[in-house]
Structures are given as structure tokens and as C-alpha cells.
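Below is data.csv, which holds CSV, C-alpha atoms and all ligand atoms.
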```csv
chain,number,residue,atom,x,y,z
A,1,MET,CA,0.1,-1.5,27.9
A,2,PRO,CA,-0.6,-5.2,28.2
A,3,ARG,CA,-4.1,-6.5,28.0
A,4,LYS,CA,-5.6,-9.8,29.0
A,5,THR,CA,-6.8,-12.3,26.3
A,6,ASP,CA,-9.7,-14.7,26.8
A,7,SER,CA,-7.2,-17.3,28.0
A,8,GLY,CA,-5.8,-14.9,30.6
A,9,SER,CA,-2.3,-14.4,29.0
A,10,LYS,CA,-1.0,-10.9,28.4
A,11,VAL,CA,-0.3,-9.6,24.9
A,12,PRO,CA,1.3,-6.3,24.0
A,13,VAL,CA,-1.1,-3.7,22.6
A,14,SER,CA,0.1,-1.0,20.3
A,15,SER,CA,0.6,2.3,22.1
A,16,ALA,CA,-0.2,4.3,19.0
A,17,GLU,CA,-3.0,6.9,19.2
A,18,ARG,CA,-6.1,5.6,17.5
A,19,VAL,CA,-8.7,7.4,15.4
A,20,SER,CA,-12.2,5.8,15.3
A,21,THR,CA,-13.1,4.8,11.8
A,22,GLY,CA,-16.8,5.4,12.1
A,23,ILE,CA,-17.5,2.0,10.4
A,24,HIS,CA,-19.7,0.0,12.6
A,25,GLY,CA,-17.8,-3.0,13.9
A,26,LEU,CA,-14.4,-2.1,12.4
A,27,ASP,CA,-12.6,-0.5,15.3
A,28,GLU,CA,-12.7,-3.7,17.3
A,29,LEU,CA,-11.0,-5.6,14.5
A,30,ILE,CA,-8.0,-3.2,14.4
A,31,GLU,CA,-7.2,-2.3,18.0
A,32,GLY,CA,-9.5,0.6,18.3
A,33,GLY,CA,-9.2,2.4,15.0
A,34,PHE,CA,-6.7,3.7,12.4
A,35,VAL,CA,-3.3,4.8,13.7
A,36,LYS,CA,-3.5,8.6,13.9
A,37,GLY,CA,-1.8,10.2,10.9
A,38,ALA,CA,-1.7,6.9,8.9
A,39,THR,CA,-2.6,6.7,5.2
A,40,ILE,CA,-5.0,3.8,4.5
A,41,LEU,CA,-5.9,2.4,1.0
A,42,ILE,CA,-9.5,1.3,0.6
A,43,THR,CA,-9.6,-0.9,-2.5
A,44,GLY,CA,-12.0,-3.2,-4.3
A,45,GLY,CA,-14.1,-3.7,-7.4
A,46,THR,CA,-16.6,-1.2,-8.7
A,47,GLY,CA,-19.7,-0.6,-6.5
A,48,THR,CA,-18.2,-2.3,-3.4
A,49,GLY,CA,-18.7,0.7,-1.2
A,50,LYS,CA,-15.4,2.5,-1.2
A,51,THR,CA,-16.9,6.0,-1.5
A,52,THR,CA,-19.5,5.2,1.2
A,53,PHE,CA,-16.7,4.0,3.5
A,54,CYS,CA,-14.8,7.3,3.0
A,55,CYS,CA,-17.9,9.4,3.7
A,56,GLN,CA,-18.6,7.5,6.9
A,57,PHE,CA,-15.0,8.0,8.0
A,58,ILE,CA,-15.1,11.7,7.4
A,59,TYR,CA,-18.5,12.1,8.9
A,60,GLU,CA,-17.4,10.4,12.2
A,61,GLY,CA,-14.8,13.1,12.6
A,62,LEU,CA,-17.2,15.9,11.8
A,63,LYS,CA,-19.7,14.7,14.5
A,64,ASN,CA,-16.9,15.1,17.0
A,65,GLY,CA,-15.8,18.5,15.7
A,66,GLU,CA,-12.7,17.2,13.7
A,67,PRO,CA,-12.3,19.2,10.5
A,68,GLY,CA,-12.3,17.0,7.3
A,69,VAL,CA,-11.5,17.4,3.6
A,70,TYR,CA,-12.9,15.1,0.8
A,71,ILE,CA,-11.1,15.5,-2.5
A,72,THR,CA,-12.9,13.7,-5.3
A,73,LEU,CA,-11.3,13.2,-8.7
A,74,GLU,CA,-14.2,11.3,-10.2
A,75,GLU,CA,-17.7,12.0,-8.9
A,76,ASP,CA,-19.4,15.3,-8.4
A,77,PRO,CA,-19.5,16.3,-4.7
A,78,GLU,CA,-23.2,17.1,-5.0
A,79,ASP,CA,-23.9,13.6,-6.3
A,80,ILE,CA,-21.9,11.9,-3.5
A,81,LYS,CA,-23.7,14.1,-0.9
A,82,GLU,CA,-27.1,13.1,-2.3
A,83,ASP,CA,-26.1,9.4,-2.5
A,84,VAL,CA,-25.1,9.2,1.2
A,85,LYS,CA,-28.0,11.2,2.6
A,86,ARG,CA,-29.8,7.9,2.8
A,87,TYR,CA,-27.4,6.9,5.6
A,88,GLY,CA,-28.0,10.1,7.5
A,89,PHE,CA,-24.8,11.9,6.5
A,90,GLU,CA,-25.7,15.6,6.2
A,91,PHE,CA,-22.5,17.2,5.0
A,92,GLU,CA,-24.0,20.6,4.3
A,93,LYS,CA,-24.4,21.3,8.0
A,94,TYR,CA,-20.6,21.0,8.5
A,95,GLU,CA,-19.8,22.9,5.3
A,96,LYS,CA,-21.8,25.8,6.7
A,97,GLU,CA,-20.0,25.5,10.1
A,98,GLY,CA,-16.7,25.7,8.2
A,99,ILE,CA,-15.2,22.4,9.3
A,100,PHE,CA,-15.8,20.4,6.1
A,101,LYS,CA,-14.7,21.0,2.5
A,102,PHE,CA,-15.8,18.9,-0.4
A,103,VAL,CA,-13.4,19.6,-3.3
A,104,TYR,CA,-13.7,18.4,-6.9
A,105,GLN,CA,-10.4,18.3,-8.8
A,106,ASN,CA,-10.4,17.3,-12.5
A,107,PRO,CA,-7.4,15.0,-12.7
A,108,PHE,CA,-6.8,15.9,-16.4
A,109,GLU,CA,-6.7,19.7,-15.7
A,110,VAL,CA,-3.7,19.9,-13.4
A,111,SER,CA,-0.5,18.0,-13.6
A,112,ASP,CA,0.1,18.1,-9.8
A,113,ILE,CA,-2.8,17.9,-7.4
A,114,ALA,CA,-0.6,18.0,-4.4
A,115,SER,CA,-1.0,21.8,-3.9
A,116,THR,CA,-4.8,21.5,-4.2
A,117,VAL,CA,-4.8,18.9,-1.5
A,118,VAL,CA,-2.4,20.7,0.8
A,119,ASN,CA,-4.3,24.1,0.5
A,120,ALA,CA,-7.6,22.4,1.3
A,121,ILE,CA,-6.1,20.7,4.3
A,122,ASN,CA,-4.4,23.8,5.6
A,123,SER,CA,-7.4,26.1,5.1
A,124,ILE,CA,-9.4,24.3,7.8
A,125,ASN,CA,-6.6,22.4,9.6
A,126,ALA,CA,-8.2,19.1,8.5
A,127,LYS,CA,-7.6,16.1,10.7
A,128,ARG,CA,-9.2,13.6,8.3
A,129,VAL,CA,-8.7,13.6,4.6
A,130,VAL,CA,-10.0,11.5,1.7
A,131,LEU,CA,-8.6,11.3,-1.8
A,132,ASP,CA,-11.1,9.3,-4.0
A,133,PRO,CA,-9.8,7.7,-6.1
A,134,ILE,CA,-6.0,8.1,-6.1
A,135,SER,CA,-5.9,5.9,-9.2
A,136,LEU,CA,-6.9,8.8,-11.3
A,137,VAL,CA,-3.8,10.8,-10.3
A,138,GLY,CA,-1.5,10.6,-13.3
A,139,MET,CA,-3.9,8.5,-15.5
A,140,TYR,CA,-2.3,10.2,-18.5
A,141,MET,CA,1.3,9.3,-17.5
A,142,LYS,CA,2.9,6.8,-19.8
A,143,ASP,CA,6.0,6.1,-17.8
A,144,PRO,CA,5.2,3.8,-14.8
A,145,ALA,CA,8.3,5.0,-12.9
A,146,VAL,CA,7.2,8.6,-13.1
A,147,LEU,CA,3.7,7.6,-12.0
A,148,ARG,CA,5.1,5.7,-9.0
A,149,LYS,CA,7.2,8.6,-8.0
A,150,ARG,CA,4.1,10.9,-8.2
A,151,LEU,CA,2.0,8.6,-6.0
A,152,PHE,CA,4.9,8.2,-3.5
A,153,ASP,CA,5.3,12.0,-3.3
A,154,ILE,CA,1.5,12.5,-2.7
A,155,ILE,CA,1.3,9.9,0.0
A,156,ARG,CA,4.4,11.2,1.7
A,157,MET,CA,3.0,14.7,1.6
A,158,LEU,CA,-0.3,13.6,3.1
A,159,LYS,CA,1.6,11.9,5.9
A,160,LYS,CA,3.5,15.1,6.6
A,161,THR,CA,0.3,17.0,7.3
A,162,GLY,CA,-0.4,14.7,10.3
A,163,ALA,CA,-4.0,14.1,9.1
A,164,THR,CA,-5.4,10.6,9.0
A,165,THR,CA,-6.0,9.8,5.4
A,166,ILE,CA,-7.9,7.4,3.2
A,167,VAL,CA,-7.1,7.0,-0.5
A,168,THR,CA,-9.1,4.7,-2.8
A,169,SER,CA,-8.2,2.5,-5.8
A,170,GLU,CA,-9.7,-0.4,-7.7
A,171,ILE,CA,-9.1,-4.1,-8.0
A,172,LEU,CA,-10.2,-5.6,-11.3
A,173,ASP,CA,-12.8,-8.3,-10.7
A,174,ASN,CA,-15.2,-10.3,-12.8
A,175,GLU,CA,-19.1,-10.2,-12.7
A,176,ILE,CA,-19.2,-12.6,-9.6
A,177,GLY,CA,-16.6,-10.7,-7.6
A,178,GLU,CA,-13.5,-12.8,-8.3
A,179,HIS,CA,-10.3,-10.8,-8.4
A,180,VAL,CA,-8.8,-11.1,-11.8
A,181,GLY,CA,-6.1,-8.4,-11.6
A,182,GLY,CA,-2.7,-9.2,-10.2
A,183,SER,CA,-2.4,-6.4,-7.7
A,184,LEU,CA,-4.4,-4.7,-4.9
A,185,SER,CA,-4.6,-1.3,-6.7
A,186,ARG,CA,-4.8,-0.1,-10.2
A,187,ASP,CA,-1.3,1.4,-10.1
A,188,GLY,CA,0.3,-1.6,-8.3
A,189,VAL,CA,2.2,0.6,-5.9
A,190,SER,CA,-0.3,2.3,-3.6
A,191,GLU,CA,-0.7,-0.8,-1.5
A,192,PHE,CA,3.0,-0.9,-0.7
A,193,ILE,CA,3.2,2.8,0.2
A,194,ALA,CA,0.1,2.9,2.3
A,195,ASP,CA,0.2,2.1,6.1
A,196,GLY,CA,-3.0,0.0,5.8
A,197,VAL,CA,-4.9,-1.8,3.1
A,198,ILE,CA,-8.6,-2.8,3.3
A,199,VAL,CA,-10.2,-4.8,0.5
A,200,LEU,CA,-14.0,-4.6,-0.1
A,201,SER,CA,-15.7,-7.2,-2.2
A,202,ILE,CA,-19.1,-8.2,-3.6
A,203,PHE,CA,-19.8,-11.9,-4.3
A,204,GLY,CA,-22.6,-13.6,-6.2
A,205,ILE,CA,-25.2,-12.2,-8.5
A,206,GLY,CA,-28.8,-10.9,-8.3
A,207,GLU,CA,-30.6,-11.2,-5.0
A,208,GLY,CA,-27.9,-13.5,-3.6
A,209,ILE,CA,-25.1,-11.0,-3.5
A,210,SER,CA,-23.1,-10.6,-0.4
A,211,ARG,CA,-20.4,-8.2,0.7
A,212,SER,CA,-17.2,-8.7,2.6
A,213,ILE,CA,-14.2,-6.8,4.0
A,214,ILE,CA,-10.7,-8.0,4.5
A,215,ILE,CA,-8.0,-6.1,6.5
A,216,ARG,CA,-5.1,-7.0,4.2
A,217,LYS,CA,-2.5,-5.0,6.1
A,218,MET,CA,-2.5,-2.6,9.0
A,219,ARG,CA,0.9,-1.4,10.2
A,220,ARG,CA,1.5,-1.3,14.0
A,221,THR,CA,-1.8,-3.2,14.5
A,222,LYS,CA,-2.7,-6.7,15.6
A,223,HIS,CA,-5.7,-7.1,13.2
A,224,SER,CA,-8.3,-9.6,12.1
A,225,THR,CA,-7.3,-11.4,9.0
A,226,ASP,CA,-10.7,-13.0,8.4
A,227,THR,CA,-13.1,-12.3,5.6
A,228,ASN,CA,-15.7,-10.5,7.5
A,229,PRO,CA,-19.3,-10.0,6.2
A,230,MET,CA,-20.2,-6.4,5.5
A,231,GLU,CA,-23.6,-4.7,4.9
A,232,MET,CA,-24.6,-1.4,3.5
A,233,GLY,CA,-27.8,0.1,4.6
A,234,GLY,CA,-29.5,1.8,7.6
A,235,ASN,CA,-26.9,4.1,9.0
A,236,GLY,CA,-24.1,3.1,6.7
A,237,ILE,CA,-21.6,0.2,6.5
A,238,THR,CA,-21.7,-2.4,9.2
A,239,ILE,CA,-19.2,-5.2,9.7
A,240,SER,CA,-20.1,-8.4,11.5
A,241,LYS,CA,-17.5,-10.8,12.9
A,242,GLN,CA,-16.8,-13.9,10.8
B,301,LIG,N1,-29.8,2.0,-0.2
B,301,LIG,C1,-28.8,1.1,-0.4
B,301,LIG,N2,-28.8,0.0,0.3
B,301,LIG,C2,-27.8,-0.9,0.1
B,301,LIG,N3,-26.8,-0.7,-0.8
B,301,LIG,C3,-26.8,0.4,-1.5
B,301,LIG,C4,-27.8,1.3,-1.4
B,301,LIG,N4,-27.5,2.3,-2.3
B,301,LIG,C5,-26.4,2.0,-2.9
B,301,LIG,N5,-26.0,0.8,-2.5
B,301,LIG,C6,-24.8,0.1,-3.0
B,301,LIG,O1,-23.7,0.9,-2.9
B,301,LIG,C7,-23.0,0.9,-4.1
B,301,LIG,C8,-22.3,2.1,-4.4
B,301,LIG,O2,-21.4,2.4,-3.3
B,301,LIG,P1,-20.1,3.3,-3.5
B,301,LIG,O3,-20.4,4.4,-4.4
B,301,LIG,O4,-19.7,3.6,-2.1
B,301,LIG,O5,-19.2,2.2,-4.1
B,301,LIG,P2,-17.8,2.5,-4.8
B,301,LIG,O6,-16.9,1.3,-4.6
B,301,LIG,O7,-17.2,3.8,-4.4
B,301,LIG,O8,-18.2,2.5,-6.4
B,301,LIG,P3,-17.4,3.1,-7.6
B,301,LIG,O9,-16.8,2.0,-8.3
B,301,LIG,O10,-18.4,3.8,-8.5
B,301,LIG,O11,-16.4,4.1,-7.1
B,301,LIG,C9,-24.0,0.5,-5.1
B,301,LIG,O12,-23.4,-0.1,-6.3
B,301,LIG,C10,-24.9,-0.4,-4.4
B,301,LIG,O13,-24.5,-1.7,-4.5
B,302,MG,MG,-16.5,5.5,-5.5
```

What does this structure look like when you write it as C-alpha cells?
Ligand SMILES: Nc1ncnc2c1ncn2[C@@H]1O[C@H](COP(=O)(O)OP(=O)(O)OP(=O)(O)O)[C@@H](O)[C@H]1O
Ligand SMILES: [Mg+2]
Amino acid sequence: MPRKTDSGSKVPVSSAERVSTGIHGLDELIEGGFVKGATILITGGTGTGKTTFCCQFIYEGLKNGEPGVYITLEEDPEDIKEDVKRYGFEFEKYEKEGIFKFVYQNPFEVSDIASTVVNAINSINAKRVVLDPISLVGMYMKDPAVLRKRLFDIIRMLKKTGATTIVTSEILDNEIGEHVGGSLSRDGVSEFIADGVIVLSIFGIGEGISRSIIIRKMRRTKHSTDTNPMEMGGNGITISKQ
């Protein structure tokens, strides 16, 4: 379906079905939301808001009755729930209703987390899924080729479920937010397999810190390529236009 630009000319708009991200100000930068069923990598340095982003995405679905699963390989679900209560995300309500599952999986206890993920998704017919962080999958694997295959298999499996999925990873940065690693994820491969990549950053030190978000890649989407300012507070993450 064509749409009119400010100048009046018509540009094609992706016909893909969209899923609202729940992040204030983001949908309008990516043609209305994530492509339904896509796998999106949220990456950035430590403390840049990756987990908060994931919670807000899942919570948006829950408010509209869409079942969601959050698989955490790192933080305790109870800690995450407490952290995001300040933004008004009350996950317990939806756990009681049976449309939300918060699953902790110790990445060192199982060699293959795929079955944990699939069972959780199928048990409530989840439409939104988070795997936070995917970088802990196969941390103990020495052979990079084996690790890449494992990540590839997990992402392919997630795509098969039809759920819209976020996975998270880390970019190495220094104390003032400059990226010092060579790739967009810890494993160096997730960014190529994912359908979309969003980079969160913190710049500066002390009172003068500022946050930003860049949509690095979003398949089937005409998206903003600006560095957009981002804030955390109030009712979650809010993005303002550059
Ligand atoms: N009330 C608040 N208002 C604004 N910012 C906050 C507030 N509480 C926490 N933060 C910020 O949120 C950050 C944590 O967010 P989050 O856990 O989503 O980040 P992350 O990228 O997942 O971090 P990690 O590297 O631990 O996985 C804190 O480091 C802090 O900067
Ligand atoms: Mg986190």
C-alpha cells in the first residue's frame, strides 16, 4: 500500500504484519513495529537498558492479551520483576492469569536450552518471547564454529514458532560509552542471523550521561538510521526523534 510523504510523492510501505514494540516513540521509526514473527537483537554495553526494553516489549503484549515468555539466563526473575515495577510493569498479575511465564535457565546446567524455550512457548502459546542474554548460550564452548551453529539453530527454532522474539547480547564499551569491541554482539554472529539489530548506548559520565538508540538493521522495514535520544524513567523507555 503506497503512502504519501511530506513532499506528496508516494513510497511503497512494507505489507508485513507489524507488532507494536511498546517502547514509546519507537514504532513510528520502524513502520509501525517489529515484523510479526521476526527475531530482533537488542545489544549494547552494560546498563544500557536491554532488560528494561525486553520487559516493556513483553508487557505491551500482555496488556493486549498476547501470551509472553521471558527466559532469563542471567538475572533472577524475581529481581527483574522488582526492578521494573518502578515503570508500572506488574508481571505477577499476568502470571496468575496464565498468559505469562518468567523462566530462569542456568546456562551451565544444560547443554541445549532449545527444548526449555520451546516447551515454555508451547505451554502458553506465546506470541512474544525474550531470551536475555543469548550471549550466555554456549559460554563454555571452545569451538567458535560449534557455538555459531548452536546460535543459528536456536534462532531458527525461535522463528519456526511464529512468535516475535527479542534476544539480547553485549557490545564491549569503555567507561564513557565508546564501543571498543569489533562486533555488535559478544559472539559476533547473532547480528547477522537476527532480522533486526537495535543498539543501545550510554554516553558521558556522572550527571551528564545521556542515552541513545540506533536501529542498525531492520529487515523489510524502511527505518530511521539516526542516533535517537532515549530516556529511562516514568513509564519505561521513551525515544525522542533526533
Ligand atoms: N529509576 C530509574 N530511572 C532511570 N534509570 C534507571 C532507573 N533505574 C535504573 N535505571 C538505569 O537502568 C539501568 C539498568 O537497566 P537494564 O537492567 O535494563 O540494563 P541492561 O542493559 O539489561 O544491563 P545489564 O548489563 O546488567 O544486562 C541502570 O544501570 C540504570 O542506568
Ligand atoms: Mg540485562

Can you work out which residues are within 8 Å of ligand MG 302 (chain B), considering only C-alpha atoms and all ligand atoms, and then hand them over as a PDB file with C-alpha atoms, in the frame of the given file?
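Done, and the output landed in selection_32.pdb:
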```pdb
ATOM      1  CA  THR A  46     -16.600  -1.200  -8.700  1.00  0.00           C
ATOM      2  CA  GLY A  47     -19.700  -0.600  -6.500  1.00  0.00           C
ATOM      3  CA  GLY A  49     -18.700   0.700  -1.200  1.00  0.00           C
ATOM      4  CA  LYS A  50     -15.400   2.500  -1.200  1.00  0.00           C
ATOM      5  CA  THR A  51     -16.900   6.000  -1.500  1.00  0.00           C
ATOM      6  CA  THR A  52     -19.500   5.200   1.200  1.00  0.00           C
ATOM      7  CA  GLU A  74     -14.200  11.300 -10.200  1.00  0.00           C
ATOM      8  CA  GLU A  75     -17.700  12.000  -8.900  1.00  0.00           C
ATOM      9  CA  ASP A 132     -11.100   9.300  -4.000  1.00  0.00           C
ATOM     10  CA  PRO A 133      -9.800   7.700  -6.100  1.00  0.00           C
ATOM     11  CA  THR A 168      -9.100   4.700  -2.800  1.00  0.00           C
TER      12      THR A 168
END
```

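The shortest atom-to-atom distance to ligand LIG 301 (chain B), with all atoms listed in the file taken into account, belongs to A:Ile80 out of A:Leu158, A:Ile214, A:Ile80, A:Ile99.
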
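Between atom CA of Glu170 of chain A and atom CA of Phe152 of chain A lies a distance of 17.5 Å.
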
ask   = What does the distance between atom CA of Ile40 of chain A and atom CA of Leu62 of chain A come to in Å, to one decimal place?
value =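 Computing it gives 18.7 Å between the two atoms.
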
key: Counting all atoms listed in the file, the residue of A:Ala126, A:Val110, A:Ile193, A:Met232 that sits nearest ligand LIG 301 (chain B)   =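 Closest residue, counting all atoms listed in the file: A:Met232.
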
ask   = So how far away is atom CA of Asp76 of chain A from atom CA of Asp143 of chain A, in Å?
value = 28.6 Å

task = May I have the residues within 8 Å of Ile124 of chain A as a PyMOL selection string, using only C-alpha atoms and disregarding those fewer than 6 positions away in the same chain?
result = chain A and resi 67-68+98-100

ask   = Hey, can you pull every residue with an atom no more than 12 Å from (-7.0, -6.9, 0.7), using only C-alpha atoms, and send it as a PyMOL selection string?
value = chain A and resi 40-45+169-171+179+182-185+191-192+196-201+212-218+224-228

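You can rank A:Glu66, A:Glu109, A:Asp83, A:Glu17 by their closest distance to ligand LIG 301 (chain B) using only C-alpha atoms and all ligand atoms, and at the top of that list sits A:Asp83.
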
inquiry  = Taking 4 positions as the minimum chain separation for residues in the same chain, which residues sit within 8 Å of Ala16 of chain A when counting only C-alpha atoms? Answer as a PyMOL selection string.
reply    = chain A and resi 35-36+220

List the neighbours of Ile154 of chain A out to 10 Å using only C-alpha atoms; skip same-chain residues closer than 5 positions along the sequence, and give me the result as an mmCIF file with C-alpha atoms, in the coordinates of the input.
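Wrote it out as part_12.cif, contents follow:
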```cif
data_model
loop_
_atom_site.group_PDB
_atom_site.id
_atom_site.type_symbol
_atom_site.label_atom_id
_atom_site.label_comp_id
_atom_site.auth_asym_id
_atom_site.auth_seq_id
_atom_site.Cartn_x
_atom_site.Cartn_y
_atom_site.Cartn_z
ATOM 1 C CA ASP A 112 0.100 18.100 -9.800
ATOM 2 C CA ILE A 113 -2.800 17.900 -7.400
ATOM 3 C CA ALA A 114 -0.600 18.000 -4.400
ATOM 4 C CA SER A 115 -1.000 21.800 -3.900
ATOM 5 C CA VAL A 117 -4.800 18.900 -1.500
ATOM 6 C CA VAL A 118 -2.400 20.700 0.800
ATOM 7 C CA ILE A 134 -6.000 8.100 -6.100
ATOM 8 C CA VAL A 137 -3.800 10.800 -10.300
ATOM 9 C CA ARG A 148 5.100 5.700 -9.000
ATOM 10 C CA LYS A 149 7.200 8.600 -8.000
ATOM 11 C CA LYS A 159 1.600 11.900 5.900
ATOM 12 C CA LYS A 160 3.500 15.100 6.600
#
```

message = Using all atoms listed in the file, can you tell me which of A:Thr116, A:Ser123, A:Arg156, A:Leu172 comes closest to Ala194 of chain A?
response =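 Smallest distance to Ala194 of chain A is found for A:Arg156.
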
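The environment of His24 of chain A within 12 Å, counting only C-alpha atoms and disregarding residues fewer than 5 places along the same chain, consists of Leu29, Gly32, Gly33, Phe53, Gln56, Phe57, Glu60, Pro229, Met230, Glu231, Met232, Gly233, Gly234, Asn235, Gly236, Ile237, Thr238, Ile239, Ser240 and Lys241 of chain A.
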
Convert the current residue selection to file output with C-alpha atoms, as a tab-separated table (two decimals), in the frame of the given file.
```tsv
chain	number	residue	atom	x	y	z
A	29	LEU	CA	-11.00	-5.60	14.50
A	32	GLY	CA	-9.50	0.60	18.30
A	33	GLY	CA	-9.20	2.40	15.00
A	53	PHE	CA	-16.70	4.00	3.50
A	56	GLN	CA	-18.60	7.50	6.90
A	57	PHE	CA	-15.00	8.00	8.00
A	60	GLU	CA	-17.40	10.40	12.20
A	229	PRO	CA	-19.30	-10.00	6.20
A	230	MET	CA	-20.20	-6.40	5.50
A	231	GLU	CA	-23.60	-4.70	4.90
A	232	MET	CA	-24.60	-1.40	3.50
A	233	GLY	CA	-27.80	0.10	4.60
A	234	GLY	CA	-29.50	1.80	7.60
A	235	ASN	CA	-26.90	4.10	9.00
A	236	GLY	CA	-24.10	3.10	6.70
A	237	ILE	CA	-21.60	0.20	6.50
A	238	THR	CA	-21.70	-2.40	9.20
A	239	ILE	CA	-19.20	-5.20	9.70
A	240	SER	CA	-20.10	-8.40	11.50
A	241	LYS	CA	-17.50	-10.80	12.90
```

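Considering all atoms listed in the file, the residue among A:Val167, A:Val19, A:Ile121, A:Val180 positioned nearest to ligand LIG 301 (chain B) is A:Val167.
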
ask   = Looking at A:Gly206, A:Gly22, A:Pro144, A:Gly177, which one is nearest to Phe89 of chain A, with distances taken over all atoms listed in the file?
value =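 Using all atoms listed in the file, the shortest distance to Phe89 of chain A belongs to A:Gly22.
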
Please complete segment 88-96 of chain A so it has all heavy atoms, and hand it over as a CSV table (one decimal), keeping the file's coordinate frame.
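And here is the file that came out, rebuild_1.csv:
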```csv
chain,number,residue,atom,x,y,z
A,88,GLY,N,-27.9,9.1,6.5
A,88,GLY,CA,-28.0,10.1,7.5
A,88,GLY,C,-26.8,11.0,7.5
A,88,GLY,O,-26.6,11.8,8.5
A,89,PHE,N,-26.0,11.0,6.5
A,89,PHE,CA,-24.8,11.9,6.5
A,89,PHE,C,-25.2,13.2,5.9
A,89,PHE,O,-25.5,13.3,4.7
A,89,PHE,CB,-23.7,11.3,5.7
A,89,PHE,CG,-23.3,9.9,6.1
A,89,PHE,CD1,-22.7,9.0,5.1
A,89,PHE,CD2,-23.5,9.4,7.4
A,89,PHE,CE1,-22.3,7.7,5.5
A,89,PHE,CE2,-23.1,8.1,7.7
A,89,PHE,CZ,-22.5,7.3,6.8
A,90,GLU,N,-25.3,14.2,6.7
A,90,GLU,CA,-25.7,15.6,6.2
A,90,GLU,C,-24.5,16.5,6.2
A,90,GLU,O,-24.2,17.2,7.1
A,90,GLU,CB,-26.8,16.1,7.2
A,90,GLU,CG,-28.0,15.3,7.3
A,90,GLU,CD,-28.9,15.5,6.0
A,90,GLU,OE1,-28.6,16.4,5.2
A,90,GLU,OE2,-29.8,14.6,5.8
A,91,PHE,N,-23.7,16.4,5.1
A,91,PHE,CA,-22.5,17.2,5.0
A,91,PHE,C,-22.7,18.7,5.0
A,91,PHE,O,-21.8,19.4,5.4
A,91,PHE,CB,-21.7,16.7,3.8
A,91,PHE,CG,-21.0,15.4,4.0
A,91,PHE,CD1,-21.4,14.2,3.4
A,91,PHE,CD2,-19.9,15.3,4.9
A,91,PHE,CE1,-20.8,13.0,3.6
A,91,PHE,CE2,-19.3,14.1,5.1
A,91,PHE,CZ,-19.7,12.9,4.4
A,92,GLU,N,-23.8,19.1,4.4
A,92,GLU,CA,-24.0,20.6,4.3
A,92,GLU,C,-23.9,21.3,5.6
A,92,GLU,O,-23.3,22.4,5.7
A,92,GLU,CB,-25.4,20.9,3.7
A,92,GLU,CG,-25.5,20.8,2.2
A,92,GLU,CD,-26.0,19.4,1.8
A,92,GLU,OE1,-26.1,18.5,2.7
A,92,GLU,OE2,-26.3,19.2,0.6
A,93,LYS,N,-24.4,20.7,6.7
A,93,LYS,CA,-24.4,21.3,8.0
A,93,LYS,C,-22.9,21.7,8.4
A,93,LYS,O,-22.7,22.8,8.9
A,93,LYS,CB,-24.9,20.3,9.0
A,93,LYS,CG,-24.9,20.6,10.4
A,93,LYS,CD,-25.6,19.5,11.2
A,93,LYS,CE,-25.6,19.7,12.7
A,93,LYS,NZ,-24.3,19.5,13.4
A,94,TYR,N,-22.0,20.8,8.1
A,94,TYR,CA,-20.6,21.0,8.5
A,94,TYR,C,-19.9,21.9,7.5
A,94,TYR,O,-18.9,22.6,7.9
A,94,TYR,CB,-19.9,19.6,8.7
A,94,TYR,CG,-20.5,18.8,9.8
A,94,TYR,CD1,-21.4,17.7,9.5
A,94,TYR,CD2,-20.4,19.2,11.1
A,94,TYR,CE1,-22.0,17.0,10.5
A,94,TYR,CE2,-20.9,18.5,12.1
A,94,TYR,CZ,-21.8,17.4,11.9
A,94,TYR,OH,-22.3,16.7,12.9
A,95,GLU,N,-20.4,21.9,6.3
A,95,GLU,CA,-19.8,22.9,5.3
A,95,GLU,C,-20.1,24.3,5.8
A,95,GLU,O,-19.3,25.2,5.8
A,95,GLU,CB,-20.4,22.7,3.9
A,95,GLU,CG,-19.7,21.5,3.2
A,95,GLU,CD,-20.3,21.2,1.8
A,95,GLU,OE1,-21.6,21.2,1.7
A,95,GLU,OE2,-19.5,21.1,0.8
A,96,LYS,N,-21.3,24.5,6.2
A,96,LYS,CA,-21.8,25.8,6.7
A,96,LYS,C,-21.0,26.2,8.0
A,96,LYS,O,-20.6,27.4,8.2
A,96,LYS,CB,-23.3,25.8,7.0
A,96,LYS,CG,-24.1,25.9,5.7
A,96,LYS,CD,-25.6,26.1,6.0
A,96,LYS,CE,-26.4,25.8,4.8
A,96,LYS,NZ,-27.4,24.8,5.0
```
